[in-house]
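K.L.:
As input, take coords_4.txt (compact mmCIF, C-alpha atoms):
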# COMPACT_ATOMS: atom_id res chain seq x y z
CA MET A 26 156.03 -57.42 -38.85
CA LYS A 27 152.83 -55.66 -37.90
CA TYR A 28 153.19 -56.97 -34.40
CA LYS A 29 156.76 -55.58 -34.08
CA LYS A 30 155.70 -52.13 -35.34
CA MET A 31 152.82 -51.98 -32.88
CA LEU A 32 155.07 -52.99 -30.01
CA PHE A 33 157.58 -50.29 -30.98
CA PHE A 34 154.81 -47.65 -31.04
CA ILE A 35 153.53 -48.67 -27.62
CA THR A 36 157.09 -48.48 -26.24
CA LEU A 37 157.46 -44.91 -27.52
CA VAL A 38 154.17 -43.83 -25.96
CA LEU A 39 155.07 -45.34 -22.58
CA ALA A 40 158.50 -43.70 -22.63
CA ALA A 41 156.95 -40.29 -23.32
CA SER A 42 154.51 -40.79 -20.47
CA VAL A 43 157.29 -41.70 -18.03
CA THR A 44 159.34 -38.69 -19.12
CA ALA A 45 156.37 -36.37 -18.60
CA CYS A 46 155.70 -37.78 -15.12
CA GLN A 47 159.33 -37.68 -13.96
CA GLY A 48 160.51 -34.51 -15.69
CA GLY A 49 157.37 -32.40 -15.86
CA THR A 50 157.81 -28.69 -15.42
CA SER A 51 160.07 -27.22 -12.79
CA ALA A 52 157.05 -25.64 -11.09
CA THR A 53 155.45 -29.03 -10.62
CA LYS A 54 158.66 -30.42 -9.17
CA GLU A 55 158.96 -27.61 -6.68
CA THR A 56 155.31 -27.82 -5.63
CA VAL A 57 155.57 -31.49 -4.89
CA ALA A 58 158.91 -31.11 -3.10
CA GLU A 59 157.72 -28.26 -0.79
CA ALA A 60 154.37 -29.65 0.23
CA PRO A 61 154.42 -29.88 4.11
CA PRO A 62 153.61 -33.11 5.80
CA ALA A 63 150.16 -33.47 7.22
CA PRO A 64 150.10 -32.16 10.82
CA ALA A 65 149.87 -34.73 13.53
CA GLU A 66 146.74 -34.51 15.60
CA GLU A 67 147.32 -33.12 19.13
CA PRO A 68 146.03 -35.33 21.91
CA GLU A 69 143.00 -34.08 23.82
CA PRO A 70 143.92 -32.63 27.28
CA THR A 71 143.30 -34.96 30.15
CA GLU A 72 140.72 -34.19 32.82
CA GLU A 73 143.57 -33.46 35.23
CA GLU A 74 145.04 -30.91 32.81
CA LEU A 75 141.66 -29.27 32.30
CA THR A 76 141.20 -28.97 36.07
CA ALA A 77 144.64 -27.35 36.42
CA MET A 78 143.77 -24.86 33.68
CA ARG A 79 140.49 -23.94 35.39
CA ARG A 80 142.30 -23.47 38.71
CA GLU A 81 144.90 -21.20 37.09
CA GLU A 82 142.16 -19.05 35.56
CA THR A 83 139.84 -18.81 38.59
CA VAL A 84 141.54 -19.68 41.87
CA VAL A 85 145.04 -18.25 41.48
CA PRO A 86 143.88 -14.63 40.82
CA LEU A 87 141.52 -14.78 43.82
CA LEU A 88 144.29 -16.08 46.08
CA ALA A 89 146.58 -13.24 44.95
CA GLU A 90 143.89 -10.60 45.46
CA ALA A 91 143.05 -11.94 48.94
CA GLU A 92 146.73 -11.97 49.91
CA GLU A 93 147.12 -8.29 48.99
CA LEU A 94 144.04 -7.40 51.03
CA ALA A 95 145.28 -9.33 54.04
CA LYS A 96 148.62 -7.47 54.03
CA GLY A 97 146.71 -4.35 55.08
CA TYR A 98 144.52 -6.24 57.59
CA PHE A 99 141.49 -6.31 55.28
CA TYR A 100 140.74 -9.82 56.49
CA GLU A 101 136.96 -9.62 56.03
CA GLU A 102 137.42 -8.46 52.45
CA ALA A 103 140.02 -11.19 51.85
CA LEU A 104 137.58 -13.84 53.07
CA GLU A 105 134.84 -12.36 50.91
CA CYS A 106 137.20 -12.58 47.96
CA LEU A 107 137.89 -16.26 48.63
CA SER A 108 134.18 -16.97 48.91
CA LYS A 109 134.09 -16.52 45.13
CA VAL A 110 136.29 -19.58 44.57
CA PRO A 111 134.34 -22.11 42.45
CA GLU A 112 132.80 -24.98 44.38
CA GLU A 113 135.04 -27.59 42.81
CA PHE A 114 138.07 -25.87 44.40
CA ALA A 115 136.50 -25.14 47.79
CA GLN A 116 138.73 -27.77 49.43
CA ASP A 117 141.86 -26.70 47.55
CA GLU A 118 144.81 -26.87 49.95
CA GLU A 119 145.94 -23.28 49.33
CA VAL A 120 142.40 -21.95 49.59
CA THR A 121 141.61 -23.68 52.88
CA ALA A 122 144.97 -22.59 54.35
CA ALA A 123 144.30 -18.96 53.35
CA VAL A 124 140.76 -19.04 54.76
CA LEU A 125 142.09 -20.37 58.06
CA ALA A 126 144.89 -17.77 58.22
CA TYR A 127 142.58 -14.83 57.50
CA THR A 128 139.92 -16.06 59.90
CA GLU A 129 142.53 -16.33 62.64
CA GLY A 130 143.88 -12.92 61.68
CA LEU A 131 140.43 -11.38 62.02
CA ALA A 132 140.09 -12.83 65.49
CA SER A 133 143.58 -11.79 66.58
CA PHE A 134 143.01 -8.03 66.93
CA VAL A 135 143.38 -6.75 70.48
CA PRO A 136 142.07 -3.55 72.10
CA TYR A 137 144.60 -0.80 72.82
CA ASP A 138 143.81 0.55 76.29
CA GLN A 139 146.13 3.59 76.38
CA PRO A 140 145.61 7.13 75.00
CA VAL A 141 146.53 7.18 71.32
CA ARG A 142 149.37 9.37 70.09
CA HIS A 143 148.73 11.93 67.33
CA ILE A 144 151.75 13.33 65.47
CA PHE A 145 151.72 16.14 62.94
CA PHE A 146 153.90 17.88 60.39
CA HIS A 147 153.89 20.90 58.12
CA SER A 148 154.83 20.70 54.44
CA LEU A 149 158.30 19.21 54.10
CA ILE A 150 161.51 20.97 53.16
CA VAL A 151 162.96 19.48 49.96
CA ASP A 152 166.06 21.69 49.51
CA THR A 153 167.69 22.64 52.82
CA SER A 154 170.10 25.03 51.10
CA LEU A 155 167.13 27.20 50.13
CA ALA A 156 165.16 26.87 53.37
CA PHE A 157 168.12 27.46 55.66
CA ASP A 158 169.82 30.22 53.64
CA GLY A 159 169.95 32.71 56.49
CA ASP A 160 167.08 34.97 55.41
CA HIS A 161 164.25 36.10 57.70
CA MET A 162 162.31 32.84 57.18
CA SER A 163 165.13 30.43 57.99
CA ASN A 164 164.70 30.41 61.74
CA GLY A 165 160.96 29.72 61.50
CA TYR A 166 161.57 26.84 59.11
CA ASN A 167 164.22 25.50 61.47
CA TYR A 168 161.77 25.50 64.37
CA TRP A 169 158.52 24.34 62.81
CA MET A 170 159.31 22.37 59.67
CA THR A 171 160.67 18.91 58.92
CA THR A 172 162.85 17.88 55.97
CA THR A 173 162.07 15.07 53.56
CA LYS A 174 165.11 13.14 54.86
CA GLU A 175 163.86 13.48 58.42
CA PHE A 176 160.35 12.39 57.51
CA GLN A 177 161.65 9.28 55.76
CA ALA A 178 163.77 8.44 58.81
CA ILE A 179 160.80 9.04 61.13
CA LEU A 180 158.63 6.62 59.14
CA GLU A 181 161.35 3.96 59.27
CA GLN A 182 161.67 4.33 63.05
CA LEU A 183 157.93 4.34 63.69
CA TYR A 184 157.59 1.19 61.61
CA ALA A 185 160.49 -0.50 63.41
CA ASN A 186 158.92 0.47 66.76
CA ASN A 187 155.65 -1.29 65.82
CA TYR A 188 153.48 1.79 65.36
CA ILE A 189 150.54 1.48 63.00
CA LEU A 190 148.39 4.23 61.48
CA ILE A 191 144.70 4.22 62.38
CA ASP A 192 141.68 6.34 61.52
CA ILE A 193 140.92 8.96 64.19
CA HIS A 194 137.29 7.82 64.09
CA ASP A 195 138.38 4.55 65.72
CA LEU A 196 138.74 6.45 69.00
CA CYS A 197 134.99 6.27 69.61
CA THR A 198 131.80 4.48 68.74
CA GLU A 199 128.29 5.80 68.14
CA GLN A 200 125.43 4.76 70.39
CA THR A 201 121.81 5.34 69.40
CA ALA A 202 119.18 5.74 72.13
CA GLU A 203 115.57 4.62 71.79
CA ASP A 204 114.55 8.16 70.89
CA GLY A 205 117.11 8.22 68.06
CA THR A 206 119.62 10.41 69.89
CA ILE A 207 123.19 9.59 68.91
CA THR A 208 125.95 9.89 71.47
CA LEU A 209 129.64 9.04 71.37
CA ALA A 210 131.37 6.56 73.65
CA ALA A 211 135.07 5.97 74.17
CA ALA A 212 136.48 3.01 72.29
CA GLN A 213 139.69 1.05 72.54
CA PRO A 214 140.94 0.76 68.96
CA LEU A 215 141.43 -2.81 67.79
CA VAL A 216 144.88 -3.41 66.35
CA PRO A 217 147.07 -6.42 65.56
CA GLU A 218 148.72 -7.76 68.70
CA GLY A 219 151.99 -6.00 69.44
CA LYS A 220 151.12 -2.93 67.36
CA ILE A 221 150.70 0.60 68.76
CA PRO A 222 148.00 2.78 67.13
CA LEU A 223 148.98 6.22 65.86
CA VAL A 224 147.12 9.12 64.23
CA LEU A 225 149.00 11.37 61.79
CA SER A 226 148.14 14.77 60.34
CA VAL A 227 149.76 17.48 58.24
CA ASP A 228 148.91 21.16 58.54
CA ASP A 229 148.09 23.75 55.87
CA VAL A 230 149.16 22.02 52.59
CA SER A 231 148.55 25.23 50.69
CA TYR A 232 152.16 25.83 49.60
CA TYR A 233 151.90 29.47 50.52
CA ASP A 234 153.48 32.22 48.46
CA TYR A 235 156.11 32.92 51.12
CA MET A 236 157.47 29.37 50.57
CA LYS A 237 157.87 29.79 46.83
CA GLU A 238 161.65 30.32 46.70
CA ASP A 239 162.53 28.32 49.80
CA GLY A 240 162.81 24.71 48.65
CA PHE A 241 159.24 23.50 49.13
CA PRO A 242 156.96 21.72 46.63
CA LYS A 243 154.63 23.86 44.55
CA ARG A 244 151.43 21.81 44.59
CA LEU A 245 149.87 18.37 44.67
CA VAL A 246 149.07 16.81 41.29
CA LEU A 247 147.96 13.53 39.77
CA ASP A 248 150.64 11.72 37.79
CA GLU A 249 150.11 9.73 34.59
CA ASN A 250 148.94 6.76 36.67
CA GLY A 251 146.40 8.81 38.62
CA GLU A 252 148.45 8.77 41.84
CA VAL A 253 148.95 11.83 44.05
CA LYS A 254 152.41 13.34 43.70
CA ASN A 255 154.04 16.76 44.03
CA LEU A 256 155.16 19.25 41.46
CA TYR A 257 158.57 20.50 42.56
CA ILE A 258 160.44 23.19 40.61
CA ASP A 259 164.20 23.60 40.84
CA PRO A 260 165.67 27.13 41.05
CA ASP A 261 166.60 26.82 37.36
CA GLY A 262 162.96 26.16 36.47
CA THR A 263 163.23 22.40 35.93
CA GLU A 264 159.97 20.69 36.89
CA HIS A 265 159.80 17.36 38.70
CA ILE A 266 156.82 15.15 39.52
CA GLY A 267 157.45 12.91 42.51
CA ASP A 268 157.39 12.28 46.25
CA TYR A 269 158.29 15.61 47.86
CA ASP A 270 155.81 15.97 50.74
CA VAL A 271 154.10 13.99 53.49
CA MET A 272 151.23 12.62 51.40
CA PRO A 273 153.04 10.97 48.47
CA ILE A 274 156.00 9.90 50.62
CA LEU A 275 153.67 8.17 53.07
CA ASP A 276 151.63 6.64 50.23
CA THR A 277 154.78 5.08 48.79
CA PHE A 278 155.91 3.89 52.22
CA VAL A 279 152.59 2.16 52.87
CA ARG A 280 152.69 0.49 49.46
CA GLU A 281 156.07 -0.94 50.46
CA HIS A 282 154.99 -1.65 54.06
CA PRO A 283 151.22 -2.28 53.98
CA ASP A 284 151.26 -3.49 57.59
CA PHE A 285 152.13 0.08 58.71
CA SER A 286 148.54 1.09 57.95
CA PHE A 287 145.50 -0.47 59.61
CA ARG A 288 142.89 -1.07 56.93
CA GLY A 289 144.25 1.64 54.65
CA ALA A 290 144.39 4.52 57.14
CA LYS A 291 146.84 7.28 56.22
CA GLY A 292 146.41 10.67 57.87
CA ILE A 293 144.52 13.96 58.11
CA ILE A 294 145.16 17.02 55.94
CA ALA A 295 144.34 20.15 57.93
CA ALA A 296 143.41 22.70 55.27
CA THR A 297 143.19 26.47 55.46
CA GLY A 298 141.80 28.58 52.64
CA TYR A 299 143.18 32.10 52.58
CA GLU A 300 145.67 31.15 49.84
CA GLY A 301 143.62 28.36 48.37
CA THR A 302 144.44 24.71 49.05
CA LEU A 303 146.72 21.92 47.87
CA GLY A 304 148.79 24.53 45.99
CA TYR A 305 145.94 25.97 43.91
CA ARG A 306 144.83 29.58 44.40
CA VAL A 307 141.12 28.85 44.42
CA ASN A 308 140.68 31.76 46.83
CA ASP A 309 141.00 34.25 43.95
CA PRO A 310 137.64 34.65 42.16
CA GLU A 311 139.30 36.66 39.36
CA SER A 312 141.92 34.05 38.54
CA PRO A 313 141.81 33.13 34.82
CA THR A 314 142.46 29.49 35.79
CA LEU A 315 139.93 29.34 38.62
CA GLU A 316 137.68 26.65 37.15
CA GLU A 317 140.67 24.59 36.03
CA ASP A 318 142.23 24.87 39.49
CA GLN A 319 138.98 23.96 41.21
CA ALA A 320 138.69 20.86 39.02
CA ALA A 321 142.28 19.91 39.86
CA VAL A 322 141.63 20.25 43.61
CA ARG A 323 138.51 18.09 43.37
CA ALA A 324 140.41 15.39 41.46
CA VAL A 325 143.40 15.36 43.82
CA ALA A 326 141.16 15.42 46.90
CA ALA A 327 139.05 12.55 45.58
CA ARG A 328 142.13 10.42 45.01
CA LEU A 329 143.52 11.26 48.44
CA LYS A 330 140.30 10.14 50.09
CA GLU A 331 140.23 6.96 47.99
CA THR A 332 143.69 6.10 49.33
CA GLY A 333 142.92 6.61 53.03
CA TRP A 334 143.42 10.35 53.63
CA LEU A 335 140.96 12.55 55.54
CA PHE A 336 140.47 16.32 55.50
CA ALA A 337 139.96 18.68 58.42
CA SER A 338 139.18 22.36 58.74
CA HIS A 339 142.19 24.33 59.94
CA GLY A 340 140.22 27.56 59.77
CA TYR A 341 139.93 29.60 56.60
CA GLY A 342 142.30 32.34 57.76
CA HIS A 343 144.40 30.29 60.23
CA ARG A 344 143.22 32.61 62.98
CA HIS A 345 143.44 32.11 66.74
CA THR A 346 140.14 30.29 67.33
CA ALA A 347 140.32 30.82 71.08
CA ASP A 348 140.89 34.59 70.77
CA ILE A 349 138.72 35.74 67.88
CA SER A 350 135.12 36.74 68.50
CA TYR A 351 132.21 34.40 68.04
CA HIS A 352 131.11 36.44 65.02
CA SER A 353 134.59 36.18 63.46
CA LEU A 354 134.59 32.41 63.99
CA VAL A 355 131.24 32.13 62.20
CA GLU A 356 132.53 34.21 59.27
CA ASP A 357 135.76 32.22 59.06
CA THR A 358 134.02 28.85 59.20
CA THR A 359 131.34 29.86 56.70
CA ARG A 360 133.97 30.94 54.20
CA TRP A 361 135.96 27.71 54.71
CA LYS A 362 132.90 25.61 54.05
CA THR A 363 131.90 27.68 51.02
CA GLU A 364 135.27 27.86 49.29
CA ILE A 365 137.19 24.84 50.56
CA ALA A 366 134.77 22.18 51.79
CA SER A 367 132.91 22.59 48.50
CA LEU A 368 136.05 21.20 46.81
CA LEU A 369 137.48 18.85 49.43
CA GLY A 370 134.21 17.53 50.81
CA ASP A 371 132.51 17.84 54.20
CA THR A 372 134.33 16.78 57.34
CA ASP A 373 133.71 16.31 61.06
CA LEU A 374 137.35 17.12 61.96
CA TYR A 375 138.50 20.51 63.27
CA ILE A 376 142.22 21.05 63.89
CA TYR A 377 142.85 24.28 65.78
CA PRO A 378 145.18 26.83 64.19
CA TYR A 379 148.29 27.22 66.38
CA GLY A 380 146.97 24.30 68.41
CA GLU A 381 144.99 26.68 70.63
CA GLU A 382 141.82 25.05 71.93
CA ILE A 383 138.60 26.76 72.88
CA ASP A 384 136.68 26.25 76.12
CA TYR A 385 134.62 23.09 76.66
CA PRO A 386 131.73 23.70 76.75
CA SER A 387 131.29 27.11 75.13
CA GLN A 388 129.23 29.01 72.60
CA LYS A 389 131.99 28.50 70.04
CA LEU A 390 131.99 24.76 70.61
CA THR A 391 128.22 24.63 70.19
CA TYR A 392 128.52 26.53 66.93
CA LEU A 393 131.27 24.32 65.52
CA GLN A 394 129.25 21.27 66.44
CA SER A 395 126.25 22.74 64.65
CA GLU A 396 128.45 22.88 61.53
CA GLY A 397 129.12 19.15 61.79
CA PHE A 398 132.45 19.08 63.62
CA ARG A 399 132.87 16.40 66.30
CA PHE A 400 136.63 15.80 66.55
CA PHE A 401 138.78 18.65 67.88
CA CYS A 402 142.58 18.56 67.99
CA GLY A 403 144.96 20.90 69.79
CA VAL A 404 148.70 20.66 70.43
CA TRP A 405 150.34 19.12 73.48
CA ALA A 406 153.68 17.54 72.76
CA SER A 407 154.62 15.96 76.08
CA LYS A 408 152.13 13.10 76.19
CA PRO A 409 149.07 11.71 74.41
CA PHE A 410 145.61 12.80 75.50
CA VAL A 411 142.17 11.65 74.34
CA SER A 412 138.84 12.64 75.83
CA VAL A 413 135.54 11.32 74.50
CA GLN A 414 132.37 13.11 75.54
CA ASP A 415 128.78 12.51 74.48
CA THR A 416 128.95 14.93 71.56
CA TYR A 417 132.64 15.46 70.77
CA VAL A 418 136.15 14.01 70.95
CA ARG A 419 139.33 15.85 71.94
CA GLN A 420 142.80 14.65 71.01
CA THR A 421 146.13 16.41 71.42
CA ARG A 422 148.85 16.38 68.78
CA CYS A 423 152.64 16.25 68.94
CA ASN A 424 154.71 18.15 66.36
CA LEU A 425 157.77 16.28 65.05
CA ASP A 426 159.73 19.33 63.89
CA GLY A 427 163.09 20.94 64.55
CA PHE A 428 162.07 22.42 67.89
CA THR A 429 160.71 19.17 69.31
CA MET A 430 163.46 16.92 67.98
CA ILE A 431 166.31 19.19 69.10
CA LYS A 432 165.00 21.02 72.17
CA ARG A 433 162.63 18.39 73.61
CA PRO A 434 163.66 14.99 72.26
CA GLU A 435 162.66 13.29 75.52
CA SER A 436 159.02 14.22 74.87
CA VAL A 437 158.97 11.98 71.80
CA SER A 438 161.37 9.25 72.95
CA ASP A 439 158.49 6.75 72.92
CA LEU A 440 158.13 7.41 69.20
CA ILE A 441 161.60 7.95 67.77
CA ASP A 442 165.26 8.41 68.60
CA ALA A 443 165.44 12.05 67.54
CA ALA A 444 169.26 12.12 67.52
CA LYS A 445 169.22 9.59 64.69
CA VAL A 446 166.59 11.50 62.73
CA VAL A 447 167.78 15.14 62.68
CA ASP A 448 169.00 16.18 59.24
CA PRO A 449 172.71 17.07 59.36
CA ASP A 450 171.95 20.05 57.09
CA ARG A 451 169.74 21.58 59.77
CA PRO A 452 171.45 24.55 61.46
CA GLU A 453 171.58 25.03 65.22
CA LEU A 454 168.44 26.47 66.73
CA GLU A 455 168.79 30.06 67.89
Rewrite the coordinates I just gave you, this time as structure tokens.

P.N.:
Amino acid sequence: MKYKKMLFFITLVLAASVTACQGGTSATKETVAEAPPAPAEEPEPTEEELTAMRREETVVPLLAEAEELAKGYFYEEALECLSKVPEEFAQDEEVTAAVLAYTEGLASFVPYDQPVRHIFFHSLIVDTSLAFDGDHMSNGYNYWMTTTKEFQAILEQLYANNYILIDIHDLCTEQTAEDGTITLAAAQPLVPEGKIPLVLSVDDVSYYDYMKEDGFPKRLVLDENGEVKNLYIDPDGTEHIGDYDVMPILDTFVREHPDFSFRGAKGIIAATGYEGTLGYRVNDPESPTLEEDQAAVRAVAARLKETGWLFASHGYGHRHTADISYHSLVEDTTRWKTEIASLLGDTDLYIYPYGEEIDYPSQKLTYLQSEGFRFFCGVWASKPFVSVQDTYVRQTRCNLDGFTMIKRPESVSDLIDAAKVVDPDRPELE
């Protein structure tokens, strides 16, 4: 009897224990049910996978950077870039192929043995309805200005005809004598085979007051990305930031066609000063925004030079250099250097106002040379001309404007087909 009672008691205890383990609380049930399975251990990457990862991190970016450099004929820089490839990838198939291609590219440049063309423009007409509205300025714009549509078409034709922009300094080399005297010697610019070197410039770039209501940009500015653009204001006052003149339009074109520019060359901005420069009235010492405007000019000019643009003196007052007195030339040049070169930077380029050259040699030439100028450019549309002397270089320029394209298209037939360029909104020349 005792034995049966004990067995019954043990059975009750065991049953209670089983009930507690199986039933428990709902919280315990849920906790057990939702517990995630132990994560499976990931296998260690193989040596081959690790090598591929290292290549992706080190080699691929260098290959991409070198390729971008090579598109603009920066072959030496591209090779220097690839020299940073880690030793373990030195014999990588893509790396060795790129090194060979850029080495061959560097050796493929050929000298151009003809006089180099130099074309120039004034600030571009954005709105032809305002420029050609029949007022007293319309005829002048029709003769001496180019529209944005025409400039775009000119770039397309020049590119299709294998022209390539070069730096004007490539027209000569410096030679140093034993006594330290430096003289200039004519050079044949090296360019990719089949390409024709070309120098480009744009005059004034002050956005003068007389242009204010005539469909031209207002000034050059830096956009949110630090790139040079134009501020253009519609007649209703709406402001636009974009490509509305030679500089930003050409910058965009070269980004899309890097092989149009030899080693980043763009063009020359021939600056006056009597109404400031780049659209800022830094000529007015009483302007309440003078310091702000000066800072803006410095910033825009610095970015232009970083992206391949050069500056030239176009005379402070855009006066007839050949006709004014020696004293007047000194005054004009001194003021340009004080007010404008102090913002744009020093230059050795002098582009004659009206294209009118001085005598060679002459007292005026000696003076301009004493101020650091060595390259002198006049205007002669019919054919290219370059003359390199011991102490200076002369080059003539050809204006691609309404007068040239309509009245003398044959003089630029080696450059463009003018009939396919002329803006249909341009009126007949008087």

K.L.:
When you look at A:Ala126 with a cut-off of 12 Å (counting only C-alpha atoms), what residues show up, excluding the ones that are within fewer than 3 positions of it in the same chain? I need them as a list in words.

P.N.:
Ala91, Glu92, Ala95, Lys96, Tyr98, Tyr100, Glu101, Ala103, Leu104, Leu107, Glu119, Val120, Thr121, Ala122, Ala123, Glu129, Gly130, Leu131, Ala132 and Ser133 of chain A

K.L.:
For atom CA of A:Asp318 and atom CA of A:Gly301, determine how far apart the two atoms are, in Å to one decimal place.

P.N.:
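Between atom CA of A:Asp318 and atom CA of A:Gly301 the gap is 9.6 Å.
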
K.L.:
Tell me which of A:Asp415, A:Asp373, A:Glu72, A:Asp270 sits closest to A:Pro242, counting all atoms listed in the file.

P.N.:
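Looking only at the distances to A:Pro242, the closest residue turns out to be A:Asp270.
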
K.L.:
Can you pull out the residues contacting A:Thr201? Cut-off 12 Å, using all atoms listed in the file, and skip same-chain residues under 5 positions away; I want them as a compact mmCIF listing (two decimals) with C-alpha atoms, in the coordinates of the input.

P.N.:
# COMPACT_ATOMS: atom_id res chain seq x y z
CA THR A 206 119.62 10.41 69.89
CA ILE A 207 123.19 9.59 68.91
CA THR A 208 125.95 9.89 71.47
CA LEU A 209 129.64 9.04 71.37
CA ALA A 210 131.37 6.56 73.65
CA ASP A 415 128.78 12.51 74.48

K.L.:
For A:Asp442, please output as a PyMOL selection string all residues within 12 Å (counting only C-alpha atoms; exclusion window: fewer than 2 positions along the same chain).

P.N.:
chain A and resi 175+178-183+185-186+425+429-431+433-440+444-447

K.L.:
Compare A:Val246, A:Ala156, A:Val135, A:Ala337 by their minimum atom-to-atom distance to A:Gly304, counting all atoms listed in the file, and give me the closest one.

P.N.:
A:Val246
